[in-house]
$ cat work-v5.cif   # mmCIF, C-alpha atoms
data_my_file
#
loop_
_atom_site.label_atom_id
_atom_site.label_comp_id
_atom_site.auth_asym_id
_atom_site.auth_seq_id
_atom_site.Cartn_x
_atom_site.Cartn_y
_atom_site.Cartn_z
CA MET J 8 25.74 125.47 126.26
CA ALA J 9 29.50 125.15 125.93
CA SER J 10 29.99 127.54 128.88
CA ASN J 11 28.14 130.05 130.98
CA THR J 12 30.50 132.89 130.14
CA ASN J 13 29.97 135.50 127.46
CA LEU J 14 33.31 137.17 126.91
CA SER J 15 32.70 140.21 124.71
CA VAL J 16 35.14 142.50 122.91
CA ILE J 17 33.90 146.00 123.67
CA LEU J 18 34.84 149.33 122.21
CA GLN J 19 34.68 151.21 125.51
CA LYS J 20 35.37 154.51 123.79
CA PRO J 21 37.37 155.57 120.74
CA GLY J 22 40.89 154.27 121.19
CA GLU J 23 40.05 151.80 123.97
CA ILE J 24 39.06 148.15 123.55
CA VAL J 25 38.32 145.97 126.59
CA ILE J 26 37.23 142.35 127.07
CA GLU J 27 34.40 141.85 129.56
CA ASN J 28 32.07 139.06 130.58
CA ARG J 29 28.51 140.09 129.76
CA PRO J 30 25.26 138.24 130.51
CA ILE J 31 24.18 135.63 127.98
CA PRO J 32 21.24 137.21 126.14
CA GLU J 33 17.73 135.81 126.40
CA ILE J 34 16.02 134.93 123.13
CA GLY J 35 12.54 135.56 121.77
CA PRO J 36 10.31 133.14 119.88
CA TYR J 37 11.84 133.92 116.47
CA ASP J 38 15.46 134.19 117.63
CA ALA J 39 18.47 131.92 117.76
CA LEU J 40 21.23 132.01 120.35
CA VAL J 41 24.50 131.41 118.54
CA ASN J 42 27.74 130.31 120.17
CA VAL J 43 30.03 132.44 117.98
CA LYS J 44 33.15 130.54 116.97
CA VAL J 45 34.86 132.71 114.34
CA THR J 46 34.74 136.46 113.67
CA GLY J 47 36.73 138.39 111.09
CA ILE J 48 38.02 141.89 111.76
CA CYS J 49 36.65 144.39 109.24
CA GLY J 50 38.09 147.77 108.41
CA SER J 51 34.94 149.36 109.81
CA ASP J 52 35.66 147.83 113.24
CA VAL J 53 39.12 149.38 113.21
CA HIS J 54 37.71 152.70 112.00
CA TYR J 55 35.24 152.86 114.89
CA TRP J 56 38.10 152.03 117.26
CA THR J 57 40.42 154.72 115.93
CA LYS J 58 37.99 157.43 114.80
CA GLY J 59 34.82 156.79 116.78
CA ARG J 60 32.56 157.24 113.80
CA ILE J 61 31.86 156.38 110.17
CA GLY J 62 29.81 159.07 108.48
CA SER J 63 26.66 159.64 110.52
CA PHE J 64 27.22 156.52 112.66
CA VAL J 65 28.86 157.76 115.86
CA VAL J 66 30.04 155.71 118.86
CA GLU J 67 28.35 157.33 121.86
CA LYS J 68 28.39 154.42 124.32
CA PRO J 69 30.31 151.15 124.79
CA MET J 70 29.67 148.78 121.86
CA VAL J 71 30.58 145.16 121.19
CA LEU J 72 32.59 144.99 117.96
CA GLY J 73 32.44 142.48 115.09
CA HIS J 74 29.99 141.51 112.38
CA GLU J 75 31.73 138.89 110.19
CA SER J 76 30.77 135.79 112.16
CA ALA J 77 29.87 132.12 112.10
CA GLY J 78 29.06 129.78 114.95
CA VAL J 79 26.95 126.97 116.35
CA VAL J 80 23.30 127.27 117.36
CA ALA J 81 23.00 126.93 121.15
CA ALA J 82 19.25 127.53 121.49
CA VAL J 83 16.26 128.48 119.35
CA GLY J 84 12.96 130.21 120.03
CA ASP J 85 9.77 128.16 120.03
CA LYS J 86 8.65 129.60 116.67
CA VAL J 87 11.87 128.66 114.87
CA THR J 88 11.49 125.61 112.62
CA HIS J 89 14.44 125.68 110.20
CA LEU J 90 17.22 125.56 112.79
CA LYS J 91 18.10 123.23 115.63
CA VAL J 92 20.69 123.17 118.39
CA GLY J 93 24.05 122.14 116.96
CA ASP J 94 23.55 123.61 113.49
CA ARG J 95 26.55 125.46 112.11
CA VAL J 96 25.50 128.87 110.76
CA ALA J 97 26.78 132.06 109.19
CA LEU J 98 25.23 135.23 110.58
CA GLU J 99 23.98 137.89 108.20
CA PRO J 100 24.53 140.78 110.61
CA GLY J 101 21.83 143.20 109.47
CA VAL J 102 18.20 142.69 110.46
CA PRO J 103 15.67 145.04 108.77
CA CYS J 104 12.16 145.95 109.85
CA ARG J 105 10.62 143.76 107.09
CA VAL J 106 7.58 146.06 106.64
CA CYS J 107 8.83 149.32 105.06
CA ASP J 108 8.74 149.98 101.30
CA GLN J 109 12.44 149.17 100.89
CA CYS J 110 12.00 145.82 102.62
CA LYS J 111 8.88 144.97 100.64
CA HIS J 112 10.70 145.71 97.39
CA GLY J 113 13.54 143.38 98.38
CA ARG J 114 16.15 146.08 99.03
CA TYR J 115 16.18 145.54 102.76
CA ASN J 116 19.76 146.79 103.06
CA LEU J 117 18.26 150.27 102.59
CA CYS J 118 15.75 149.82 105.42
CA PRO J 119 15.80 152.99 107.57
CA GLU J 120 15.23 150.87 110.69
CA MET J 121 18.08 148.43 110.00
CA ILE J 122 19.71 146.92 113.07
CA PHE J 123 23.26 146.10 111.96
CA ALA J 124 25.79 144.45 114.26
CA ALA J 125 28.61 146.72 115.47
CA THR J 126 27.06 149.80 113.92
CA PRO J 127 26.20 152.35 116.63
CA PRO J 128 24.19 152.01 118.74
CA TYR J 129 23.93 148.23 118.23
CA ASP J 130 26.29 145.64 119.69
CA GLY J 131 28.21 143.30 117.42
CA THR J 132 29.01 139.62 117.28
CA LEU J 133 32.52 139.44 118.76
CA CYS J 134 31.44 137.54 121.85
CA ASN J 135 30.77 133.99 123.01
CA TYR J 136 26.98 134.18 122.64
CA TYR J 137 24.97 136.39 120.32
CA ARG J 138 21.19 136.63 119.96
CA HIS J 139 20.11 136.94 116.35
CA ALA J 140 16.98 136.76 114.24
CA ALA J 141 16.80 133.12 113.22
CA ASP J 142 15.85 133.91 109.62
CA PHE J 143 19.17 135.73 109.22
CA CYS J 144 21.13 132.66 110.34
CA PHE J 145 22.18 130.53 107.35
CA LYS J 146 23.10 126.87 107.75
CA LEU J 147 26.50 125.86 106.45
CA PRO J 148 26.95 122.68 104.40
CA GLU J 149 29.26 120.05 105.88
CA ASN J 150 32.06 120.95 103.48
CA VAL J 151 32.08 124.63 104.49
CA SER J 152 34.11 125.45 107.59
CA LEU J 153 33.19 128.02 110.20
CA GLU J 154 36.22 130.04 109.09
CA GLU J 155 34.81 130.13 105.56
CA GLY J 156 31.38 130.90 106.98
CA ALA J 157 32.74 134.04 108.65
CA LEU J 158 33.93 135.23 105.23
CA ILE J 159 30.46 135.07 103.71
CA GLU J 160 29.85 138.61 104.99
CA PRO J 161 32.67 140.32 103.04
CA LEU J 162 32.02 138.00 100.09
CA SER J 163 28.45 139.30 100.09
CA VAL J 164 29.77 142.83 99.64
CA GLY J 165 31.66 141.67 96.55
CA VAL J 166 28.69 139.75 95.17
CA HIS J 167 26.39 142.75 95.66
CA ALA J 168 28.90 145.12 94.03
CA VAL J 169 29.18 142.86 90.99
CA ARG J 170 25.39 142.69 90.75
CA ARG J 171 25.12 146.47 90.99
CA GLY J 172 27.68 146.81 88.20
CA LYS J 173 25.83 144.20 86.11
CA VAL J 174 29.07 142.43 85.27
CA GLN J 175 28.54 140.09 82.31
CA ALA J 176 30.50 137.33 80.64
CA GLY J 177 33.60 138.69 78.95
CA ASP J 178 33.54 142.10 80.67
CA ARG J 179 36.71 143.90 81.59
CA VAL J 180 36.56 144.79 85.28
CA ALA J 181 38.93 147.03 87.24
CA ILE J 182 39.04 147.13 91.02
CA PHE J 183 40.68 149.69 93.31
CA GLY J 184 41.78 148.32 96.67
CA ALA J 185 43.35 144.88 97.10
CA GLY J 186 42.15 144.21 100.61
CA ALA J 187 39.74 141.39 101.45
CA VAL J 188 36.68 143.12 99.96
CA GLY J 189 38.50 144.09 96.76
CA LEU J 190 39.82 140.56 96.31
CA LEU J 191 36.40 139.06 96.96
CA ALA J 192 34.87 141.49 94.47
CA ALA J 193 37.44 140.17 91.98
CA ALA J 194 36.40 136.60 92.81
CA ALA J 195 32.73 137.49 92.39
CA ALA J 196 33.46 139.21 89.07
CA LYS J 197 35.26 136.11 87.81
CA ALA J 198 32.37 133.96 88.97
CA ALA J 199 30.02 136.22 86.97
CA GLY J 200 32.10 135.59 83.85
CA ALA J 201 34.41 138.60 83.71
CA GLY J 202 36.99 138.07 81.00
CA HIS J 203 39.72 140.18 82.57
CA VAL J 204 40.08 141.58 86.09
CA THR J 205 42.63 144.26 86.92
CA ILE J 206 43.28 145.26 90.52
CA ALA J 207 45.13 148.38 91.70
CA ASP J 208 46.59 149.35 95.08
CA ILE J 209 49.41 151.38 96.60
CA VAL J 210 50.65 148.41 98.69
CA ALA J 211 52.94 146.10 96.75
CA SER J 212 52.52 143.12 99.10
CA ARG J 213 48.77 143.12 98.53
CA LEU J 214 49.31 143.04 94.80
CA ASP J 215 51.76 140.16 95.20
CA PHE J 216 48.95 138.23 96.85
CA ALA J 217 46.48 139.35 94.18
CA LYS J 218 48.69 137.73 91.53
CA THR J 219 47.62 134.39 93.00
CA TYR J 220 43.94 135.21 93.50
CA CYS J 221 41.27 135.84 90.85
CA THR J 222 43.01 138.69 89.03
CA ASP J 223 44.62 138.85 85.59
CA SER J 224 46.74 141.96 86.06
CA GLN J 225 47.86 144.15 88.92
CA VAL J 226 48.75 147.85 88.98
CA LEU J 227 50.92 149.41 91.67
CA LEU J 228 49.70 152.97 92.12
CA GLU J 229 52.00 155.76 93.23
CA LYS J 230 51.40 157.29 96.62
CA THR J 231 49.85 160.73 96.48
CA ASP J 232 51.93 163.87 96.80
CA PRO J 233 50.32 166.57 98.98
CA ASN J 234 51.70 169.19 96.59
CA GLU J 235 49.86 167.71 93.61
CA PRO J 236 46.10 168.29 93.26
CA ASN J 237 44.14 165.05 93.51
CA ILE J 238 42.60 165.48 90.08
CA ASP J 239 46.03 165.84 88.45
CA TYR J 240 47.28 162.75 90.24
CA SER J 241 44.16 160.84 89.15
CA LYS J 242 44.66 161.78 85.51
CA ARG J 243 48.27 160.61 85.69
CA MET J 244 47.30 157.29 87.27
CA ALA J 245 44.56 156.81 84.68
CA ASN J 246 47.06 157.40 81.88
CA LYS J 247 49.47 154.95 83.53
CA ILE J 248 46.78 152.26 83.72
CA LEU J 249 45.59 152.86 80.16
CA GLU J 250 49.10 152.54 78.75
CA SER J 251 48.76 148.77 79.13
CA HIS J 252 45.02 148.20 79.76
CA GLU J 253 41.84 148.81 77.83
CA LEU J 254 39.02 150.91 79.21
CA ALA J 255 36.93 148.92 81.67
CA ASP J 256 33.28 147.99 81.33
CA VAL J 257 32.88 148.11 85.12
CA VAL J 258 35.12 149.67 87.76
CA ILE J 259 34.59 148.81 91.41
CA ASP J 260 36.18 151.12 93.97
CA CYS J 261 36.77 149.40 97.31
CA SER J 262 39.08 152.06 98.73
CA GLY J 263 36.86 155.09 99.23
CA ALA J 264 39.77 157.38 98.34
CA GLU J 265 38.85 160.44 96.28
CA THR J 266 41.76 159.78 93.94
CA SER J 267 40.56 156.24 93.28
CA VAL J 268 37.03 157.41 92.53
CA GLN J 269 38.34 160.02 90.13
CA THR J 270 40.68 157.56 88.41
CA ALA J 271 37.88 155.01 88.18
CA ILE J 272 35.78 157.45 86.16
CA TYR J 273 38.63 158.17 83.76
CA ILE J 274 39.30 154.49 83.02
CA THR J 275 35.67 153.49 82.47
CA ARG J 276 34.48 153.10 78.89
CA ASN J 277 31.72 155.27 77.47
CA GLY J 278 28.46 153.92 78.85
CA GLY J 279 30.23 151.85 81.51
CA SER J 280 29.66 151.78 85.26
CA VAL J 281 31.58 152.81 88.37
CA VAL J 282 30.48 151.06 91.56
CA LEU J 283 31.37 152.77 94.84
CA VAL J 284 31.93 150.29 97.67
CA GLY J 285 34.54 151.97 99.87
CA MET J 286 33.42 154.59 102.37
CA GLY J 287 35.81 157.53 102.25
CA ALA J 288 35.32 161.23 102.85
CA PRO J 289 31.61 162.14 102.81
CA VAL J 290 32.18 164.92 100.24
CA GLN J 291 34.52 164.39 97.28
CA SER J 292 35.34 166.11 94.00
CA ILE J 293 34.67 164.12 90.85
CA PRO J 294 35.00 164.98 87.11
CA VAL J 295 31.33 165.54 86.37
CA SER J 296 31.91 166.42 82.72
CA GLU J 297 33.50 162.98 82.16
CA ILE J 298 30.42 161.36 83.66
CA GLY J 299 28.01 163.43 81.61
CA ILE J 300 29.51 163.44 78.13
CA ARG J 301 30.47 159.76 78.28
CA GLU J 302 27.34 158.57 80.14
CA VAL J 303 29.26 156.81 82.86
CA ASP J 304 26.88 155.41 85.47
CA ILE J 305 27.85 155.95 89.11
CA LYS J 306 26.30 153.39 91.44
CA GLY J 307 26.42 153.27 95.21
CA VAL J 308 26.70 150.15 97.32
CA PHE J 309 25.50 149.93 100.91
CA ARG J 310 26.34 146.54 102.36
CA TYR J 311 24.29 143.90 100.48
CA CYS J 312 20.93 142.13 100.32
CA ASN J 313 19.74 138.70 99.21
CA THR J 314 23.32 137.48 98.87
CA TYR J 315 23.94 135.00 101.68
CA PRO J 316 22.28 131.91 100.13
CA ARG J 317 24.19 132.41 96.88
CA ALA J 318 27.47 133.13 98.66
CA VAL J 319 27.10 129.91 100.68
CA LYS J 320 26.54 127.97 97.45
CA MET J 321 29.53 129.62 95.77
CA ILE J 322 31.83 128.48 98.57
CA ALA J 323 30.27 125.02 98.93
CA SER J 324 30.54 124.33 95.19
CA GLY J 325 34.13 125.54 94.96
CA THR J 326 33.15 128.39 92.63
CA ILE J 327 34.93 130.76 95.00
CA ASP J 328 37.68 129.72 97.41
CA VAL J 329 37.89 132.11 100.36
CA LYS J 330 40.37 130.09 102.44
CA PRO J 331 43.52 131.73 100.99
CA LEU J 332 42.38 135.11 102.35
CA ILE J 333 42.67 133.93 105.98
CA THR J 334 46.22 134.96 106.81
CA HIS J 335 46.17 135.30 110.62
CA SER J 336 44.14 133.93 113.56
CA TYR J 337 43.90 134.94 117.21
CA LYS J 338 42.03 133.69 120.27
CA LEU J 339 39.17 135.77 121.65
CA GLU J 340 41.30 136.64 124.67
CA GLU J 341 43.92 138.05 122.26
CA SER J 342 41.49 140.37 120.49
CA VAL J 343 43.26 143.61 121.43
CA GLU J 344 46.46 142.33 119.82
CA ALA J 345 44.45 141.21 116.78
CA PHE J 346 43.08 144.71 116.34
CA LYS J 347 46.55 146.20 116.67
CA HIS J 348 47.69 143.78 113.96
CA VAL J 349 45.05 145.03 111.53
CA LYS J 350 45.54 148.68 112.43
CA GLU J 351 49.28 148.45 111.77
CA GLY J 352 48.67 146.87 108.36
CA ARG J 353 51.40 144.30 108.88
CA ASP J 354 52.86 142.85 105.68
CA GLY J 355 51.11 139.80 104.33
CA THR J 356 47.85 140.54 106.14
CA ILE J 357 44.61 140.05 104.25
CA LYS J 358 42.04 138.77 106.75
CA VAL J 359 42.53 138.40 110.49
CA GLN J 360 40.04 136.14 112.28
CA ILE J 361 39.33 135.74 115.97
CA HIS J 362 38.31 132.34 117.37
CA GLY J 363 35.99 132.13 120.35
#
$ encode --input "work-v5.cif" --output "structure tokens"
Amino acid sequence: MASNTNLSVILQKPGEIVIENRPIPEIGPYDALVNVKVTGICGSDVHYWTKGRIGSFVVEKPMVLGHESAGVVAAVGDKVTHLKVGDRVALEPGVPCRVCDQCKHGRYNLCPEMIFAATPPYDGTLCNYYRHAADFCFKLPENVSLEEGALIEPLSVGVHAVRRGKVQAGDRVAIFGAGAVGLLAAAAAKAAGAGHVTIADIVASRLDFAKTYCTDSQVLLEKTDPNEPNIDYSKRMANKILESHELADVVIDCSGAETSVQTAIYITRNGGSVVLVGMGAPVQSIPVSEIGIREVDIKGVFRYCNTYPRAVKMIASGTIDVKPLITHSYKLEESVEAFKHVKEGRDGTIKVQIHG
């Protein structure tokens, strides 16, 4: 092993992150011990830090953060045959039960017994050494860096969203939210053959970046006014978008904001699809009559499944270039500052990665 320390970035309680040395985990016969080298900070990590919960997932005890990781295999269990010490791998952070109906039908992301890194009560990957099921460790080709490998997780969200929307060659796709996931959904849509991708956000600097990355047009949305009902705002934004854009075949919402969901429905063509990726308020108002009379399909997305092998190939082949999204890097010992960076939404930030 590179060292006998296991520095871990721990959410001690909402609002408090500490760095502690934890024991190096022991592995079972089907496990791999991975020396984690790169971990990206996800919005969900920041949300747990600031709010202490996402939906029904509540932080009730100290939890190691992080789930967008890649590293080097340090040890393998005696039943593992496809990995060896020294292999560079990306970690798919969710391990299902493998035996329930959802798993048997291939939709293991919906497994009720899913163990997902940095989702309470399970520890995450932002540490020196992480024990993981070996069959959810994916070898990286020589031309794919560990930094790129850590981006396979958010890329998988985009790939899964595009699959759920059944994006086809020539489709017009609109995306709300120009953060890392929204941009990677745009990249996945382009890879699927989308003819035109529009992305919308309230942050101008994000749209400036989007001009250079996998999008054909960008829409700066107005910030909401607390005195204006959300539905009225959404109609106005839809009209603004449709002044210069056609109705979309598929709209992917990566923001979770009620206004974005509403606007997405208004700008979808009859018979089109709205794919909900962002996790916002658990209860939202939507224009049901628009959905019904125009047969707009509303599709949920929960993480991803069966995406990692394809995402690795996309990066290795150059079909999708994730490197431009990496805007800032910190050392593991600087993790608290890295989280502050993301929380503050500093200009020019797309993806912050932490190096172990």
$ residues_near_point --input "work-v5.cif" --point "(40.4, 130.6, 92.5)" --cutoff "8 Å" --atoms "only C-alpha atoms" --output "PyMOL selection string"
chain J and resi 194+220-221+326-328
$ residues_around --input "work-v5.cif" --residues "J:Cys104" --least-positions-apart "2" --cutoff "7 Å" --atoms "all atoms listed in the file" --output "PDB file with C-alpha atoms, keeping the file's coordinate frame"
ATOM      1  CA  VAL J 102      18.200 142.690 110.460  1.00  0.00           C
ATOM      2  CA  VAL J 106       7.580 146.060 106.640  1.00  0.00           C
ATOM      3  CA  CYS J 107       8.830 149.320 105.060  1.00  0.00           C
ATOM      4  CA  CYS J 118      15.750 149.820 105.420  1.00  0.00           C
ATOM      5  CA  GLU J 120      15.230 150.870 110.690  1.00  0.00           C
ATOM      6  CA  MET J 121      18.080 148.430 110.000  1.00  0.00           C
TER       7      MET J 121
END
$ resolve_selection --input "work-v5.cif" --expression "the PyMOL selection byres ((chain J and resi 184-193) around 9)" --output "PyMOL selection string"
chain J and resi 49+161-169+180-183+194-198+201+204-210+213-214+216-217+220-222+259-263+267+284-285+327+329+332+356-358
$ residues_around --input "work-v5.cif" --residues "J:Ser76" --least-positions-apart "5" --cutoff "7 Å" --atoms "all atoms listed in the file" --output "PDB file with C-alpha atoms, in the coordinates of the input"
ATOM      1  CA  VAL J  43      30.030 132.440 117.980  1.00  0.00           C
ATOM      2  CA  VAL J  45      34.860 132.710 114.340  1.00  0.00           C
ATOM      3  CA  THR J  46      34.740 136.460 113.670  1.00  0.00           C
ATOM      4  CA  GLY J  47      36.730 138.390 111.090  1.00  0.00           C
ATOM      5  CA  ALA J  97      26.780 132.060 109.190  1.00  0.00           C
ATOM      6  CA  LEU J  98      25.230 135.230 110.580  1.00  0.00           C
ATOM      7  CA  THR J 132      29.010 139.620 117.280  1.00  0.00           C
ATOM      8  CA  ALA J 157      32.740 134.040 108.650  1.00  0.00           C
TER       9      ALA J 157
END
$ residues_around --input "work-v5.cif" --residues "stretch 140-149 of chain J" --least-positions-apart "3" --cutoff "9 Å" --atoms "only C-alpha atoms" --output "list in words"
Gly35, Tyr37, Asp38, Ala39, Leu40, Val41, Ala77, Val83, Gly84, Val87, His89, Leu90, Asp94, Arg95, Val96, Ala97, Leu98, Glu99, Pro100, Gly101, Val102, Ser152, Leu153, Gly156, Tyr315, Pro316, Val319, Lys320 and Ala323 of chain J
$ residues_around --input "work-v5.cif" --residues "J:Pro32" --least-positions-apart "4" --cutoff "10 Å" --atoms "all atoms listed in the file" --output "ChimeraX atom specification"
/J:13,40,136-139
$ atom_distance --input "work-v5.cif" --atom1 "atom CA of J:Pro294" --atom2 "atom CA of J:Gly62"
22.8 Å
